[in-house]
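Participant: Structure: start_9.cif, mmCIF, C-alpha atoms.
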```
data_data
#
loop_
_atom_site.label_atom_id
_atom_site.label_comp_id
_atom_site.auth_asym_id
_atom_site.auth_seq_id
_atom_site.Cartn_x
_atom_site.Cartn_y
_atom_site.Cartn_z
CA MET J 1148 -8.50 20.16 -0.61
CA SER J 1149 -5.03 19.08 -1.74
CA ALA J 1150 -5.44 17.42 -5.11
CA SER J 1151 -2.20 15.48 -5.33
CA PHE J 1152 -2.13 11.77 -4.61
CA SER J 1153 0.68 12.04 -2.05
CA GLU J 1154 -1.11 14.74 -0.07
CA VAL J 1155 -4.42 12.89 0.02
CA THR J 1156 -2.91 9.56 1.07
CA LYS J 1157 -0.71 11.27 3.66
CA GLN J 1158 -3.75 12.87 5.30
CA LEU J 1159 -5.79 9.67 5.24
CA LEU J 1160 -3.01 7.57 6.77
CA ALA J 1161 -2.53 10.22 9.46
CA GLY J 1162 -6.20 9.93 10.43
CA GLN J 1163 -7.01 13.40 9.12
CA SER J 1164 -10.14 14.37 7.23
CA VAL J 1165 -10.08 14.83 3.46
CA ALA J 1166 -12.92 16.96 2.09
CA TRP J 1167 -14.01 17.87 -1.42
CA GLN J 1168 -16.43 20.35 -2.93
CA LYS J 1169 -19.42 19.68 -5.15
CA PHE J 1170 -18.49 19.19 -8.78
CA GLY J 1171 -21.09 18.55 -11.47
CA ASP J 1172 -23.24 15.62 -10.40
CA HIS J 1173 -20.80 14.67 -7.66
CA LYS J 1174 -21.80 15.81 -4.18
CA ALA J 1175 -19.54 17.52 -1.68
CA GLY J 1176 -18.28 15.29 1.08
CA SER J 1177 -15.43 14.19 3.26
CA ILE J 1178 -13.75 11.03 4.48
CA ARG J 1179 -11.67 10.20 7.51
CA LEU J 1180 -10.19 6.86 8.50
CA GLU J 1181 -10.92 6.96 12.22
CA LYS J 1182 -9.84 3.42 13.12
CA PRO J 1183 -6.28 2.04 12.99
CA GLU J 1184 -7.62 -1.02 11.15
CA GLN J 1185 -8.87 1.19 8.32
CA ARG J 1186 -5.55 3.00 8.06
CA ARG J 1187 -3.63 -0.29 8.02
CA LEU J 1188 -5.81 -1.63 5.21
CA LEU J 1189 -5.29 1.50 3.10
CA GLU J 1190 -1.54 1.38 3.70
CA PHE J 1191 -1.43 -2.23 2.52
CA LEU J 1192 -3.63 -1.64 -0.53
CA LEU J 1193 -1.42 1.27 -1.58
CA SER J 1194 1.62 -1.01 -1.48
CA ALA J 1195 -0.01 -3.98 -3.23
CA ASP J 1196 -0.15 -4.73 -6.94
CA THR J 1197 -2.51 -2.16 -8.47
CA ASP J 1198 -4.12 -4.60 -10.92
CA LYS J 1199 -4.88 -7.09 -8.15
CA VAL J 1200 -6.27 -4.33 -5.95
CA ALA J 1201 -8.56 -2.93 -8.66
CA SER J 1202 -10.00 -6.37 -9.44
CA GLY J 1203 -10.34 -7.44 -5.80
CA ASP J 1204 -8.03 -10.39 -6.38
CA GLU J 1205 -8.62 -13.04 -3.72
CA SER J 1206 -4.89 -13.71 -3.38
CA LEU J 1207 -4.75 -10.49 -1.33
CA PHE J 1208 -7.21 -11.75 1.24
CA SER J 1209 -4.82 -13.48 3.65
CA SER J 1210 -2.66 -10.34 3.76
CA LEU J 1211 -5.73 -8.18 4.39
CA VAL J 1212 -6.64 -10.32 7.38
CA ALA J 1213 -3.07 -10.19 8.73
CA VAL J 1214 -2.93 -6.41 8.34
CA TRP J 1215 -6.31 -5.98 10.04
CA GLU J 1216 -5.21 -8.06 13.04
CA ASN J 1217 -1.81 -6.36 13.46
CA LYS J 1218 -2.87 -4.17 16.39
CA GLU J 1219 0.69 -3.10 17.18
CA HIS J 1220 0.90 -0.93 14.06
CA ASP J 1221 -0.93 2.29 13.26
CA PRO J 1222 0.15 4.43 10.27
CA ALA J 1223 -1.10 7.51 12.13
CA ASN J 1224 1.47 6.95 14.88
CA VAL J 1225 4.21 6.57 12.30
CA ALA J 1226 3.19 9.86 10.67
CA ALA J 1227 3.08 11.65 14.03
CA ALA J 1228 6.53 10.37 15.01
CA ALA J 1229 8.15 11.33 11.71
CA PRO J 1230 10.45 14.35 12.04
CA THR J 1231 9.58 17.42 10.04
CA SER J 1232 11.69 20.22 8.69
CA SER J 1233 10.84 23.68 9.98
CA ASP J 1234 13.35 25.58 7.82
CA ASN J 1235 12.96 26.86 4.29
CA LYS J 1236 16.23 25.67 2.84
CA SER J 1237 16.69 25.38 -0.88
CA TRP J 1238 17.89 21.91 -1.88
CA ARG J 1239 19.68 21.12 -5.14
CA LEU J 1240 20.56 17.73 -6.56
CA THR J 1241 24.30 17.09 -6.36
CA ARG J 1242 24.75 13.37 -6.98
CA VAL J 1243 22.95 10.38 -8.51
CA GLU J 1244 24.06 6.85 -7.65
CA ALA J 1245 22.39 3.76 -9.09
CA SER J 1246 22.98 0.03 -8.99
CA GLY J 1247 21.24 -2.52 -11.20
CA PHE J 1248 18.97 0.13 -12.74
CA GLY J 1249 18.11 -0.66 -16.36
CA GLY J 1250 19.44 1.85 -18.88
CA LEU J 1251 22.07 3.23 -16.48
CA THR J 1252 24.00 0.08 -15.62
CA ILE J 1253 24.66 -3.33 -17.11
CA PHE J 1254 23.92 -6.59 -15.32
CA GLY J 1255 26.77 -7.39 -12.96
CA GLY J 1256 28.59 -4.19 -13.96
CA LYS J 1257 29.83 -1.20 -12.00
CA PRO J 1258 27.35 1.14 -10.28
CA PHE J 1259 26.33 4.37 -12.00
CA ASP J 1260 27.67 7.49 -10.28
CA LEU J 1261 26.99 11.00 -11.61
CA TYR J 1262 28.10 14.14 -9.79
CA VAL J 1263 26.20 17.25 -10.93
CA GLY J 1264 27.25 19.57 -8.13
CA GLY J 1265 23.89 21.28 -7.69
CA HIS J 1266 24.12 23.05 -11.06
CA ASN J 1267 21.44 23.47 -13.68
CA TRP J 1268 22.12 21.06 -16.51
CA CYS J 1269 20.68 20.02 -19.85
CA LEU J 1270 20.52 16.36 -20.83
CA GLU J 1271 21.30 15.70 -24.48
CA GLY J 1272 21.95 12.48 -26.37
CA GLN J 1273 20.85 10.08 -29.08
CA ASN J 1274 17.91 7.72 -28.73
CA GLY J 1275 18.74 4.88 -26.40
CA SER J 1276 21.61 6.72 -24.74
CA GLY J 1277 19.93 6.71 -21.31
CA LYS J 1278 18.28 10.14 -21.01
CA THR J 1279 14.89 8.76 -19.99
CA SER J 1280 16.55 6.17 -17.75
CA LEU J 1281 18.39 8.87 -15.80
CA VAL J 1282 15.21 10.90 -15.30
CA SER J 1283 13.35 7.72 -14.36
CA ALA J 1284 16.00 6.82 -11.78
CA ILE J 1285 15.66 10.22 -10.11
CA LEU J 1286 11.87 10.08 -10.23
CA TRP J 1287 11.77 6.50 -8.96
CA ALA J 1288 14.01 7.26 -5.99
CA LEU J 1289 11.70 10.09 -4.94
CA THR J 1290 8.26 8.69 -5.73
CA GLY J 1291 8.41 5.01 -6.69
CA TYR J 1292 7.31 5.85 -10.25
CA ARG J 1293 9.38 5.55 -13.42
CA ILE J 1294 8.74 6.65 -16.99
CA ARG J 1295 7.85 3.96 -19.50
CA GLU J 1296 7.84 4.80 -23.18
CA HIS J 1297 4.30 5.11 -24.57
CA GLU J 1298 2.88 4.55 -21.06
CA GLY J 1299 4.06 7.55 -19.09
CA PRO J 1300 4.72 7.17 -15.35
CA VAL J 1301 4.04 3.74 -13.86
CA LEU J 1302 4.32 2.63 -10.26
CA GLU J 1303 7.36 0.36 -10.22
CA ARG J 1304 7.35 -2.31 -7.50
CA GLY J 1305 9.85 -4.69 -9.08
CA LEU J 1306 7.33 -7.28 -10.25
CA ARG J 1307 8.82 -9.79 -12.66
CA GLU J 1308 7.52 -10.18 -16.21
CA ASP J 1309 8.00 -12.90 -18.81
CA VAL J 1310 11.18 -12.80 -20.88
CA GLU J 1311 11.13 -14.33 -24.37
CA GLY J 1312 13.99 -15.75 -26.38
CA GLU J 1313 14.72 -15.10 -30.05
CA ASP J 1314 12.20 -17.77 -30.99
CA GLY J 1315 9.45 -16.00 -29.05
CA LYS J 1316 9.28 -18.66 -26.35
CA ARG J 1317 9.33 -17.85 -22.66
CA ILE J 1318 12.76 -18.36 -21.11
CA GLY J 1319 12.22 -16.85 -17.67
CA THR J 1320 11.09 -13.75 -15.79
CA TRP J 1321 12.75 -10.46 -14.87
CA PRO J 1322 11.61 -7.06 -13.53
CA PRO J 1323 11.69 -4.40 -16.31
CA LEU J 1324 13.16 -1.92 -13.84
CA ALA J 1325 16.40 -3.88 -13.58
CA ALA J 1326 19.26 -4.21 -16.06
CA TYR J 1327 18.69 -7.43 -18.00
CA PRO J 1328 21.23 -10.28 -17.80
CA THR J 1329 22.82 -11.63 -20.98
CA LYS J 1330 22.67 -15.29 -19.91
CA VAL J 1331 19.43 -17.25 -19.57
CA ALA J 1332 20.67 -18.91 -16.38
CA ASP J 1333 20.96 -15.50 -14.70
CA LEU J 1334 17.20 -15.01 -15.04
CA GLN J 1335 16.91 -17.40 -12.10
CA LYS J 1336 18.79 -14.97 -9.87
CA SER J 1337 17.41 -12.16 -7.73
CA ALA J 1338 17.34 -8.68 -9.23
CA ASP J 1339 18.68 -5.98 -6.91
CA VAL J 1340 17.99 -2.35 -7.89
CA SER J 1341 18.77 0.76 -5.88
CA VAL J 1342 19.08 4.51 -6.42
CA ARG J 1343 20.47 7.09 -4.02
CA LEU J 1344 20.08 10.85 -4.55
CA THR J 1345 22.11 13.40 -2.62
CA PHE J 1346 20.89 16.97 -2.21
CA ALA J 1347 22.80 19.94 -0.80
CA SER J 1348 21.54 23.25 0.59
CA ASN J 1349 23.09 26.70 0.45
CA ASP J 1350 24.68 26.13 3.88
CA ASN J 1351 26.39 22.93 2.61
CA SER J 1352 24.20 20.56 4.63
CA THR J 1353 23.20 17.40 2.75
CA VAL J 1354 20.25 15.00 2.74
CA THR J 1355 19.52 11.86 0.75
CA ALA J 1356 16.67 9.93 -0.84
CA PHE J 1357 17.19 6.19 -1.21
CA ARG J 1358 15.02 3.46 -2.70
CA ARG J 1359 15.80 -0.21 -3.22
CA ILE J 1360 13.93 -3.25 -4.52
CA VAL J 1361 15.01 -6.88 -4.44
CA SER J 1362 13.00 -9.15 -6.72
CA ALA J 1363 13.56 -12.86 -6.13
CA PRO J 1364 12.55 -15.52 -8.69
CA GLN J 1365 9.74 -16.58 -6.36
CA GLY J 1366 7.50 -14.52 -4.10
CA ASP J 1367 6.82 -10.81 -3.92
CA PRO J 1368 9.61 -8.23 -4.21
CA THR J 1369 10.91 -6.57 -1.05
CA SER J 1370 11.44 -2.83 -0.90
CA GLU J 1371 13.29 -0.26 1.17
CA GLU J 1372 12.68 3.49 1.22
CA GLN J 1373 14.63 6.14 3.11
CA ILE J 1374 13.74 9.73 2.27
CA ASP J 1375 14.88 12.59 4.47
CA PRO J 1376 11.89 14.61 5.77
CA ALA J 1377 13.70 17.82 4.79
CA ILE J 1378 12.99 17.14 1.11
CA VAL J 1379 9.34 16.19 1.41
CA ASP J 1380 8.48 19.26 -0.66
CA ALA J 1381 10.64 17.83 -3.43
CA LEU J 1382 8.25 14.88 -3.63
CA ARG J 1383 5.34 17.24 -4.23
CA LEU J 1384 7.31 19.11 -6.88
CA ALA J 1385 8.19 15.84 -8.61
CA GLU J 1386 4.55 14.82 -8.60
CA ILE J 1387 3.27 18.15 -9.89
CA GLY J 1388 6.16 19.06 -12.18
CA ILE J 1389 6.98 15.64 -13.69
CA LEU J 1390 4.29 13.05 -13.01
CA MET J 1391 1.30 15.19 -13.89
CA PRO J 1392 2.66 16.38 -17.28
CA ALA J 1393 3.77 12.83 -18.09
CA ARG J 1394 0.22 11.57 -17.49
CA ILE J 1395 -1.21 13.85 -20.18
CA THR J 1396 -0.62 11.11 -22.77
CA LYS J 1397 -3.17 8.95 -20.95
CA ILE J 1398 -5.97 11.48 -21.29
CA GLY J 1399 -6.48 11.38 -25.04
CA PHE J 1400 -8.21 13.87 -27.28
CA GLY J 1401 -10.98 13.81 -29.84
CA LYS J 1402 -12.93 10.54 -29.88
CA SER J 1403 -10.72 9.06 -27.17
CA SER J 1404 -11.08 12.09 -24.90
CA LEU J 1405 -11.97 11.40 -21.27
CA THR J 1406 -14.50 13.30 -19.21
CA LEU J 1407 -13.08 16.12 -17.12
CA TYR J 1408 -13.71 14.02 -14.00
CA GLU J 1409 -11.69 11.09 -15.38
CA ALA J 1410 -9.00 13.40 -16.73
CA VAL J 1411 -8.46 15.00 -13.32
CA LYS J 1412 -8.15 11.55 -11.72
CA GLN J 1413 -5.55 10.53 -14.28
CA LEU J 1414 -3.55 13.76 -14.01
CA THR J 1415 -3.43 13.82 -10.21
CA GLY J 1416 -2.84 10.10 -9.77
CA LEU J 1417 -6.03 9.82 -7.71
CA ASP J 1418 -7.16 7.05 -10.05
CA ARG J 1419 -5.22 4.72 -7.73
CA LEU J 1420 -7.65 5.56 -4.94
CA SER J 1421 -10.49 4.91 -7.37
CA ASP J 1422 -8.96 1.49 -8.09
CA ILE J 1423 -8.94 0.76 -4.35
CA ALA J 1424 -12.63 1.68 -4.18
CA ASP J 1425 -13.39 -0.67 -7.08
CA GLY J 1426 -11.41 -3.42 -5.39
CA CYS J 1427 -13.26 -2.97 -2.10
CA ALA J 1428 -16.57 -3.23 -3.95
CA ALA J 1429 -15.34 -6.46 -5.53
CA PHE J 1430 -14.24 -7.84 -2.16
CA GLY J 1431 -17.77 -7.26 -0.90
CA ALA J 1432 -19.41 -9.34 -3.62
CA ALA J 1433 -21.37 -12.22 -2.12
CA ASN J 1434 -19.43 -14.88 -4.02
CA ARG J 1435 -16.01 -13.58 -2.99
CA LYS J 1436 -13.76 -15.10 -0.37
CA PHE J 1437 -14.08 -12.06 1.88
CA MET J 1438 -17.79 -12.64 2.36
CA LYS J 1439 -17.27 -16.38 2.78
CA TYR J 1440 -14.54 -16.05 5.40
CA ALA J 1441 -16.73 -17.17 8.30
CA LYS J 1442 -18.11 -20.10 6.33
CA ASP J 1443 -14.67 -21.18 5.10
CA ASN J 1444 -13.43 -21.16 8.69
CA ARG J 1445 -16.35 -23.36 9.81
CA ILE J 1446 -18.28 -20.78 11.79
CA ASP J 1447 -21.20 -23.24 11.71
CA LEU J 1448 -19.07 -25.77 13.60
CA HIS J 1449 -18.24 -23.22 16.30
CA GLU J 1450 -21.89 -22.21 16.58
CA ASN J 1451 -22.98 -25.84 16.93
CA ARG J 1452 -20.40 -26.47 19.64
CA PHE J 1453 -21.51 -23.36 21.48
CA HIS J 1454 -25.16 -24.40 21.46
CA GLU J 1455 -24.28 -27.98 22.44
CA ASN J 1456 -22.34 -26.72 25.46
CA ILE J 1457 -25.22 -24.42 26.43
CA ASP J 1458 -27.65 -27.34 26.24
CA LYS J 1459 -25.36 -29.46 28.42
CA ALA J 1460 -25.12 -26.63 30.94
CA LYS J 1461 -28.91 -26.34 31.07
CA GLN J 1462 -29.31 -30.09 31.60
CA LEU J 1463 -26.77 -30.06 34.42
CA ALA J 1464 -28.45 -27.03 35.98
CA ASN J 1465 -31.85 -28.77 35.88
CA GLU J 1466 -30.43 -31.75 37.76
CA PHE J 1467 -29.64 -29.40 40.64
CA ASP J 1468 -32.96 -27.58 40.32
CA PHE J 1469 -31.08 -24.54 39.14
CA ALA J 1470 -32.75 -22.25 36.59
CA LEU J 1471 -30.49 -20.59 34.05
CA PRO J 1472 -31.65 -17.26 32.60
CA SER J 1473 -33.29 -17.38 29.20
CA PRO J 1474 -31.98 -16.12 26.89
CA LEU J 1475 -28.57 -16.78 28.37
CA THR J 1476 -26.41 -13.65 28.33
CA LEU J 1477 -23.07 -12.68 29.81
CA GLU J 1478 -23.18 -9.90 32.36
CA ALA J 1479 -20.57 -8.02 34.31
CA ARG J 1480 -21.72 -9.74 37.54
CA ILE J 1481 -22.74 -13.10 36.15
CA ASP J 1482 -22.56 -14.81 39.55
CA VAL J 1483 -25.21 -12.49 41.01
CA SER J 1484 -27.37 -12.94 37.92
CA LEU J 1485 -27.24 -16.71 38.26
CA LYS J 1486 -28.08 -16.59 41.98
CA GLU J 1487 -31.08 -14.39 41.31
CA SER J 1488 -32.22 -16.69 38.51
CA ALA J 1489 -32.07 -19.65 40.90
CA ARG J 1490 -34.09 -17.63 43.41
CA LEU J 1491 -31.34 -17.95 45.96
CA SER J 1492 -30.02 -15.03 47.97
CA PRO J 1493 -26.24 -14.46 48.13
CA SER J 1494 -26.26 -15.42 51.81
CA HIS J 1495 -27.52 -18.91 50.91
CA TRP J 1496 -24.94 -19.41 48.15
CA THR J 1497 -22.25 -21.99 48.90
CA ASP J 1498 -19.26 -23.16 46.92
CA ASN J 1499 -19.48 -26.93 46.40
CA SER J 1500 -16.63 -27.10 43.93
CA SER J 1501 -14.49 -28.87 46.52
#
```
Let's see the structure in the file written out as C-alpha cells.
Facilitator:
Amino acid sequence: MSASFSEVTKQLLAGQSVAWQKFGDHKAGSIRLEKPEQRRLLEFLLSADTDKVASGDESLFSSLVAVWENKEHDPANVAAAAPTSSDNKSWRLTRVEASGFGGLTIFGGKPFDLYVGGHNWCLEGQNGSGKTSLVSAILWALTGYRIREHEGPVLERGLREDVEGEDGKRIGTWPPLAAYPTKVADLQKSADVSVRLTFASNDNSTVTAFRRIVSAPQGDPTSEEQIDPAIVDALRLAEIGILMPARITKIGFGKSSLTLYEAVKQLTGLDRLSDIADGCAAFGAANRKFMKYAKDNRIDLHENRFHENIDKAKQLANEFDFALPSPLTLEARIDVSLKESARLSPSHWTDNSS
C-alpha cells in the first residue's frame, strides 16, 4: 500500500480500498469508506483541529451532524471530477509570492516576491534572517504544513494563540503563521496570510499552487486552496523529501525511542489518522454527547407522542368495529392490509371521508 498520508487519505476520500500487510502483532486488513456519509465525516475530521479530533471534543459534534446530513456533497465525486495530468513534464519553481507570512513580511508591509527562475539555488544567511520561513512558506503552500523550530512540521490552520506583553500578561491572540503586529490594538484585527508558488516546465507552460488563511478575532479561520493537478506529484515529493525527514526529531532515540510501529506513524504522518481513530472511540463513549444525541433531542417525547396517536387511532377504529393489525406496521399497500384486518373485501370498501 502507499504509505504516505496524502496517498492514503486521497484513496479513502475517493471511496477506494486501502489495504495493509501483517506486521508483528498487527493483522493484515483493509478499509474502504463505501458510504458518502463516511467520506464526508473523514473529510471534515481531516480539516478540523487535530487536538480536538484526537480527544473527541464535543464542540465538534454539531459540525459532524451537519456534515453527515449534507447529502449534496460526496468527496468521491469531487475526486472523480478533478482533472489529472497525463504528461510527464518536469516542473521547476520560478517564483514565490507571500503576503502576511511571518518571517517573510512585516505586518501591514509590502508583499514578499522572490523570482528564482527555475534555477537550483542555495539558501544562506544568519540566524533569524528568514531561511526557515521561506522554506516553510513553500511547504505550507503545497501541503498546509510549516516548519516550527524544535517541533518540526506542524499542520498550520491559522488558529490564534495567546500573545503576552512584556509583563507576561495576555494582551490578545494572533496566529503564529502570520506576521505579528507592533500595536496591541491591531491584535483585534483579522490576520490574512497567503502564499502563491509559480512553477514552469521545459516548454514554458506555467502552473501555480496557492493557499490562503484568514483568521478573524472570533470564530474559526477560513481557508482557500488552489493547487494545479499537474503538480500533484510535487506534493508527494514535498511529503517524502521534506516532511518525513523533518519528523525524525519527533522519534527520539535511547530511552525516549519509540517502537517501530509508532516511528513509522510519525514519519509518514499517518499518526493523524490514528488521532481520528482515537477521537471516534471517544465520541462513542456512553457519557459523550454523540451517544446522548437522541436523548438530548427528546426522543422520548417523540416516542410518547407516537404511541399516544396509535392508541387514539385504535380507539377510533374500535368505535367503528374496525380491527387494526397488531403489531401495527407500515406496508407498501397499507389500505389492502387494513381492509383485510377488518375482514372486509375491497368490493365492500367505501370512502366515507366526505
Participant: Which is closer to Tyr1327 (chain J) than all the others in J:Ser1370, J:Thr1279, J:Thr1345, J:Gly1256, using only C-alpha atoms?
Facilitator: J:Gly1256
Participant: Can you tell me which residues surround Leu1180 (chain J) at a distance of at most 12 Å, considering all atoms listed in the file, apart from same-chain residues fewer than 4 positions away, and format the answer as a JSON list (two decimals) with C-alpha atoms, in the coordinates of the input?
Facilitator:
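As a result, result.json now contains:
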```json
[["chain", "number", "residue", "atom", "x", "y", "z"],
["J", 1155, "VAL", "CA", -4.42, 12.89, 0.02],
["J", 1156, "THR", "CA", -2.91, 9.56, 1.07],
["J", 1157, "LYS", "CA", -0.71, 11.27, 3.66],
["J", 1158, "GLN", "CA", -3.75, 12.87, 5.30],
["J", 1159, "LEU", "CA", -5.79, 9.67, 5.24],
["J", 1160, "LEU", "CA", -3.01, 7.57, 6.77],
["J", 1161, "ALA", "CA", -2.53, 10.22, 9.46],
["J", 1162, "GLY", "CA", -6.20, 9.93, 10.43],
["J", 1163, "GLN", "CA", -7.01, 13.40, 9.12],
["J", 1164, "SER", "CA", -10.14, 14.37, 7.23],
["J", 1165, "VAL", "CA", -10.08, 14.83, 3.46],
["J", 1184, "GLU", "CA", -7.62, -1.02, 11.15],
["J", 1185, "GLN", "CA", -8.87, 1.19, 8.32],
["J", 1186, "ARG", "CA", -5.55, 3.00, 8.06],
["J", 1187, "ARG", "CA", -3.63, -0.29, 8.02],
["J", 1188, "LEU", "CA", -5.81, -1.63, 5.21],
["J", 1189, "LEU", "CA", -5.29, 1.50, 3.10],
["J", 1190, "GLU", "CA", -1.54, 1.38, 3.70],
["J", 1221, "ASP", "CA", -0.93, 2.29, 13.26],
["J", 1222, "PRO", "CA", 0.15, 4.43, 10.27],
["J", 1223, "ALA", "CA", -1.10, 7.51, 12.13]]
```
Participant: On this file, the PyMOL selection byres ((chain J and resi 1257-1273) around 7) gives some set of residues; write that set as a list in words.
Facilitator: Arg1239, Leu1240, Thr1241, Arg1242, Val1243, Glu1244, Ala1245, Ser1246, Leu1251, Thr1252, Gly1255, Gly1256, Asn1274, Gly1275, Ser1276 and Lys1278 of chain J
Participant: Take the point (9.7, -5.4, -8.0) as written in the file and pick out every residue within 6 Å of it, counting all atoms listed in the file; give the list as a list in words.
Facilitator: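 Taken together, the residues in range are Arg1304, Gly1305, Leu1306, Ile1360, Ser1362 and Pro1368 of chain J.
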Participant: Which is closest to Pro1322 (chain J) among J:Leu1289, J:Ala1356, J:Ala1424, J:Ala1338, if we use all atoms listed in the file?
Facilitator: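 Using all atoms listed in the file, the shortest distance to Pro1322 (chain J) belongs to J:Ala1338.
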Participant: As a check of understanding, name the residues that the PyMOL selection byres ((chain J and resi 1292) around 10) selects in the supplied structure, as a list in words.
Facilitator: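 Applying the expression gives Ser1283, Ala1284, Ile1285, Leu1286, Trp1287, Ala1288, Leu1289, Thr1290, Gly1291, Arg1293, Ile1294, Arg1295, Gly1299, Pro1300, Val1301, Leu1302, Glu1303, Arg1304, Glu1386 and Leu1390 of chain J.
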Participant: What does the distance from CA of Gly1247 (chain J) to CA of Asp1196 (chain J) come to in Å, to one decimal?
Facilitator: 21.9 Å
Participant: Output, as JSON, the centre and edge lengths in Å (one decimal) of the axis-aligned box that contains all listed atoms of region 1235-1239 of chain J with 4 Å of margin on each side.
Facilitator:
```
{"center_x": 16.3, "center_y": 24.0, "center_z": -0.4, "size_x": 14.7, "size_y": 13.7, "size_z": 17.4}
```
Participant: Nearest to Asn1224 (chain J) among J:Phe1170, J:Pro1183, J:Val1310, J:Val1340, with distances taken over all atoms listed in the file: which residue is it?
Facilitator: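 The closest residue to Asn1224 (chain J) is J:Pro1183.
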Participant: Hey, what comes out of the PyMOL selection byres ((chain J and resi 1427) around 12) on this file? Could you write it as a list of chain:residue names?
Facilitator: J:Leu1188, J:Leu1189, J:Leu1192, J:Lys1199, J:Val1200, J:Ala1201, J:Ser1202, J:Gly1203, J:Asp1204, J:Glu1205, J:Leu1207, J:Phe1208, J:Leu1211, J:Leu1420, J:Ser1421, J:Asp1422, J:Ile1423, J:Ala1424, J:Asp1425, J:Gly1426, J:Ala1428, J:Ala1429, J:Phe1430, J:Gly1431, J:Ala1432, J:Arg1435, J:Phe1437, J:Met1438
